[in-house]
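Student: Can you read through this structure? Questions will come right after.
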Amino acid sequence: MTVAIDDGLWSAIGDPTRRRMLDLLLASGTGTATSLSEQLPVTRQAVAKHLGVLDRAGLVQATPAGREKRYGVDQAQLERAVAQLNAVGNTWDARLRRIKQISEAISKSK
Amino acid sequence: MEFGSIEREIHVEAPPEVVFEVVARPEHIREWWYAESEVEPTPGATGELIWGDGDDPRAQVVPMTVVVAEPPRLFSFRWTHPAGEKAVDGNSLLVTFELVPSGSGTLLRLTETGFRERGWEVAVLEQQYAEHVAGWETFVPRIEEYAVGLVSAR
């Protein structure tokens, strides 16, 4: 398998509001829908929905905190996302080597 | 500094006409990408890249749409857009092969862009990590590795 893109993960971090939320969670360690909505130009309900997407992608983890859930960034999953970006570059290197080999073989046989 | 793209260059000892065929024609894409494809190198042509896996011949199916096909100097396509959606800036990655005659061969330039729009602003996150280093000692070196990999390719 040469496609190094996990669509769930990528679409989760593809949204600017969700990336901003990850940034805020990284900055403060943890946060709730309420604390995040205070720092963002969106409603608490919208933040809660975004947190659900991040949670399903495994990028945040929730722990109960009173009537709310407290969220923190899942470091392992975030690392995985970066590893995927890295893998994209590496897989292109391998593809280009094959393109070179095939082209040169065709050229020689002419 | 632009972190949102991948750029590579490779010299191929074959004329641009040959290299163009290899990067653009489905029968060659099968060889270098291991993907089944029936997408002809014609602007607007659209279809699927299909990877099989053991028993499942369609284990991974990814849409692909040709943007530019100007043999033998330029071939570009978009891919990874959601099935059924038209490939546009923001919902897909754009791959461009530029072919420049070089001696008796070809300088092949690859760029892939759209990560920033589609995915993850590595540059922004890197800055965040630098400012909030606690717990990120294992992570930052990987970001640097990634960034250096991108930058050293230019």
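Residues are referred to by chain and number: the chain letter is A, B, ... according to the order shown in the structure tokens, the number counts from 1 in that chain, and ligands are numbered separately from 1 in the order shown.
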Just want the 12 Å neighbourhood of A:Thr63, counted on only C-alpha atoms, with same-chain residues fewer than 6 positions away dropped. Output as a list in words.

Tutor: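 The filter keeps Thr30, Gly31, Thr32, Asp55, Lys69, Arg70, Tyr71, Gly72 and Val73 of chain A.
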
Student: Can you tell me, as a list in words, what residues are no more than 7 Å from B:Glu112 when counting only C-alpha atoms, ignoring any on the same chain fewer than 3 positions away?

Tutor: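 The residues satisfying every condition are Ser5, Ile6, Glu7, Leu93, Leu94, Val95 and Thr96 of chain B.
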
Student: Just to confirm, what's the straight-line distance from atom CA of B:Ser102 to atom CA of B:Tyr34 in Å (one decimal)?

Tutor: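 Taking atom CA of B:Ser102 as the start and atom CA of B:Tyr34 as the end point, the length is 27.8 Å.
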
Student: Please provide the set of residues having any atom within 10 Å of A:Ala46, restricted to only C-alpha atoms, with same-chain residues fewer than 6 positions apart removed, written as a list in words.

Tutor: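 The residues satisfying every condition are Thr17, Ala33, Ser37 and Gly52 of chain A.
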
Student: Which is closer to A:Gln39 than all the others in A:Leu25, A:Ala65, A:Ile106, A:Leu78, using only C-alpha atoms?

Tutor: A:Leu25

Student: Which residue is closest to chain B? Choose from A:Ala27, A:Ala76, A:Met21, A:Leu36 and count only C-alpha atoms.

Tutor: A:Ala27

Student: Choose the residue, out of B:Arg78, B:Arg8, B:Lys86, B:Arg25, that has the smallest atom-to-atom separation from chain A; count only C-alpha atoms.

Tutor: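 For chain A, the nearest of the candidates is B:Arg8.
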
Student: Would you kindly return, as an MDAnalysis selection string, each protein, DNA or RNA residue with an atom no farther than 8 Å from any atom of stretch 65-71 of chain B, considering only C-alpha atoms and excluding same-chain residues fewer than 6 positions away?

Tutor: chainID B and resid 17 20 39 41:47 77:79 87

Student: Go ahead and save the picked residues with C-alpha atoms, as an mmCIF file, in the first residue's frame.

Tutor:
```
data_model
loop_
_atom_site.group_PDB
_atom_site.id
_atom_site.type_symbol
_atom_site.label_atom_id
_atom_site.label_comp_id
_atom_site.auth_asym_id
_atom_site.auth_seq_id
_atom_site.Cartn_x
_atom_site.Cartn_y
_atom_site.Cartn_z
ATOM 1 C CA GLU B 17 8.800 12.253 -24.652
ATOM 2 C CA PHE B 20 6.039 12.006 -20.168
ATOM 3 C CA VAL B 39 -7.393 7.741 -16.700
ATOM 4 C CA PRO B 41 -3.688 11.944 -20.004
ATOM 5 C CA THR B 42 -6.274 14.421 -21.298
ATOM 6 C CA PRO B 43 -7.252 17.603 -19.442
ATOM 7 C CA GLY B 44 -10.453 16.990 -17.486
ATOM 8 C CA ALA B 45 -10.214 13.199 -17.725
ATOM 9 C CA THR B 46 -11.344 11.740 -14.432
ATOM 10 C CA GLY B 47 -11.402 8.303 -12.862
ATOM 11 C CA PHE B 77 -3.517 16.012 -11.840
ATOM 12 C CA ARG B 78 -5.571 16.284 -8.668
ATOM 13 C CA TRP B 79 -6.262 13.362 -6.410
ATOM 14 C CA ALA B 87 -11.619 18.201 -7.922
#
```

Student: Identify which of the residues A:Val60, A:Leu40, A:Ile99, A:Val47 lies closest to chain B, counting only C-alpha atoms when measuring atom-to-atom distances.

Tutor: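 Result for the nearest residue to chain B: A:Ile99.
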
Student: As an exercise, work out the distance from atom CA of A:Val53 to atom CA of A:Arg20 in Å and give it to one decimal place.

Tutor: 13.7 Å

Student: Set the distance at 10 Å and use only C-alpha atoms: which residues neighbour B:Glu9 once local chain neighbours fewer than 4 positions away are removed? I'd like the list as a ChimeraX atom specification.

Tutor: /A:93,96 /B:97-99,107-111,153-154

Student: Please produce a file of those selected residues containing N, CA and C atoms, as a PDB file, in the first residue's frame.

Tutor:
```pdb
ATOM      1  N   ASP A  93       9.634   9.857  -3.237  1.00  0.00           N
ATOM      2  CA  ASP A  93      11.017   9.512  -3.609  1.00  0.00           C
ATOM      3  C   ASP A  93      11.066   8.134  -4.256  1.00  0.00           C
ATOM      4  N   LEU A  96       9.453   8.194  -7.730  1.00  0.00           N
ATOM      5  CA  LEU A  96      10.304   8.850  -8.728  1.00  0.00           C
ATOM      6  C   LEU A  96      11.444   7.937  -9.165  1.00  0.00           C
TER       7      LEU A  96
ATOM      8  N   PHE B  97       4.039  17.312 -12.638  1.00  0.00           N
ATOM      9  CA  PHE B  97       5.305  16.857 -13.193  1.00  0.00           C
ATOM     10  C   PHE B  97       5.719  17.837 -14.278  1.00  0.00           C
ATOM     11  N   GLU B  98       6.905  18.416 -14.097  1.00  0.00           N
ATOM     12  CA  GLU B  98       7.432  19.332 -15.088  1.00  0.00           C
ATOM     13  C   GLU B  98       8.653  18.668 -15.698  1.00  0.00           C
ATOM     14  N   LEU B  99       8.745  18.632 -17.023  1.00  0.00           N
ATOM     15  CA  LEU B  99       9.822  17.930 -17.691  1.00  0.00           C
ATOM     16  C   LEU B  99      10.668  18.927 -18.476  1.00  0.00           C
ATOM     17  N   LEU B 107      15.236  16.562 -16.912  1.00  0.00           N
ATOM     18  CA  LEU B 107      15.124  16.898 -15.501  1.00  0.00           C
ATOM     19  C   LEU B 107      13.637  16.836 -15.156  1.00  0.00           C
ATOM     20  N   LEU B 108      13.297  15.924 -14.250  1.00  0.00           N
ATOM     21  CA  LEU B 108      11.896  15.739 -13.865  1.00  0.00           C
ATOM     22  C   LEU B 108      11.665  16.414 -12.527  1.00  0.00           C
ATOM     23  N   ARG B 109      10.749  17.400 -12.535  1.00  0.00           N
ATOM     24  CA  ARG B 109      10.434  18.123 -11.300  1.00  0.00           C
ATOM     25  C   ARG B 109       9.041  17.742 -10.833  1.00  0.00           C
ATOM     26  N   LEU B 110       8.963  17.303  -9.599  1.00  0.00           N
ATOM     27  CA  LEU B 110       7.674  16.963  -9.010  1.00  0.00           C
ATOM     28  C   LEU B 110       7.309  17.982  -7.936  1.00  0.00           C
ATOM     29  N   THR B 111       6.073  18.452  -7.966  1.00  0.00           N
ATOM     30  CA  THR B 111       5.567  19.182  -6.799  1.00  0.00           C
ATOM     31  C   THR B 111       4.219  18.598  -6.425  1.00  0.00           C
ATOM     32  N   ALA B 153      14.929  19.553  -0.613  1.00  0.00           N
ATOM     33  CA  ALA B 153      14.568  19.132  -1.959  1.00  0.00           C
ATOM     34  C   ALA B 153      14.519  20.305  -2.931  1.00  0.00           C
ATOM     35  N   ARG B 154      14.711  21.518  -2.399  1.00  0.00           N
ATOM     36  CA  ARG B 154      14.626  22.639  -3.340  1.00  0.00           C
ATOM     37  C   ARG B 154      15.989  23.234  -3.634  1.00  0.00           C
TER      38      ARG B 154
END
```

Student: For A:Ala12, find every residue with an atom within 8 Å (counting only C-alpha atoms), except residues of its own chain fewer than 4 positions away, and show them as a list in words.

Tutor: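 Returned residues: Gly8, Arg18, Val53, Leu54 and Ala57 of chain A.
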
Student: Run DSSP on the backbone and tell me which residues of chain A come out as strand (DSSP E); list them as a list in words.

Tutor: Thr30, Gly31, Val60, Gln61, Ala62, Thr63, Pro64, Ala65, Glu68, Lys69, Arg70, Tyr71, Gly72 and Val73 of chain A

Student: Can you write out the residues you just picked, keeping C-alpha atoms, as a PDB file, in the first residue's frame?

Tutor:
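Printed below is out-v6.pdb as written:
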```pdb
ATOM      1  CA  THR A  30      -6.553  20.688  28.381  1.00  0.00           C
ATOM      2  CA  GLY A  31      -9.847  22.447  27.758  1.00  0.00           C
ATOM      3  CA  VAL A  60      -8.198  14.305  21.476  1.00  0.00           C
ATOM      4  CA  GLN A  61      -9.157  12.305  24.517  1.00  0.00           C
ATOM      5  CA  ALA A  62     -11.983  13.181  26.874  1.00  0.00           C
ATOM      6  CA  THR A  63     -12.236  12.762  30.626  1.00  0.00           C
ATOM      7  CA  PRO A  64     -15.401  13.615  32.581  1.00  0.00           C
ATOM      8  CA  ALA A  65     -15.150  16.860  34.543  1.00  0.00           C
ATOM      9  CA  GLU A  68     -18.614  18.783  31.040  1.00  0.00           C
ATOM     10  CA  LYS A  69     -15.883  16.754  29.412  1.00  0.00           C
ATOM     11  CA  ARG A  70     -12.308  17.896  29.601  1.00  0.00           C
ATOM     12  CA  TYR A  71     -10.280  17.346  26.452  1.00  0.00           C
ATOM     13  CA  GLY A  72      -6.572  16.927  25.861  1.00  0.00           C
ATOM     14  CA  VAL A  73      -4.559  16.306  22.681  1.00  0.00           C
TER      15      VAL A  73
END
```

Student: Just give me the gap between atom CA of A:Gln101 and atom CA of B:Val12 in Å, one decimal is fine.

Tutor: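 Rounded to one decimal, the two atoms are 8.1 Å apart.
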
Student: Can you tell me, as a list in words, what residues are no more than 10 Å from A:Ile102 when counting only C-alpha atoms, ignoring any on the same chain fewer than 6 positions away?

Tutor: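 Listed by chain and then number, they are Leu96 of chain A; Val12, Ala14, Val18, Val19, Val22, Val23, His28, Glu31 and Trp32 of chain B.
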
Student: For the selection you just gave me, I'd like the residues written to a file as a PDB file, in the first residue's frame, keeping C-alpha atoms.

Tutor:
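Okay, selection_21.pdb is ready:
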```
ATOM      1  CA  LEU A  96      10.304   8.850  -8.728  1.00  0.00           C
TER       2      LEU A  96
ATOM      3  CA  VAL B  12      16.285  10.757 -15.906  1.00  0.00           C
ATOM      4  CA  ALA B  14      15.645   9.343 -21.209  1.00  0.00           C
ATOM      5  CA  VAL B  18       9.510   8.918 -22.946  1.00  0.00           C
ATOM      6  CA  VAL B  19       9.352  10.310 -19.414  1.00  0.00           C
ATOM      7  CA  VAL B  22       5.769   7.019 -18.121  1.00  0.00           C
ATOM      8  CA  VAL B  23       4.394   9.605 -15.690  1.00  0.00           C
ATOM      9  CA  HIS B  28       2.999   2.931 -16.754  1.00  0.00           C
ATOM     10  CA  GLU B  31       4.212   0.000 -12.799  1.00  0.00           C
ATOM     11  CA  TRP B  32       5.485   2.887 -10.737  1.00  0.00           C
TER      12      TRP B  32
END
```
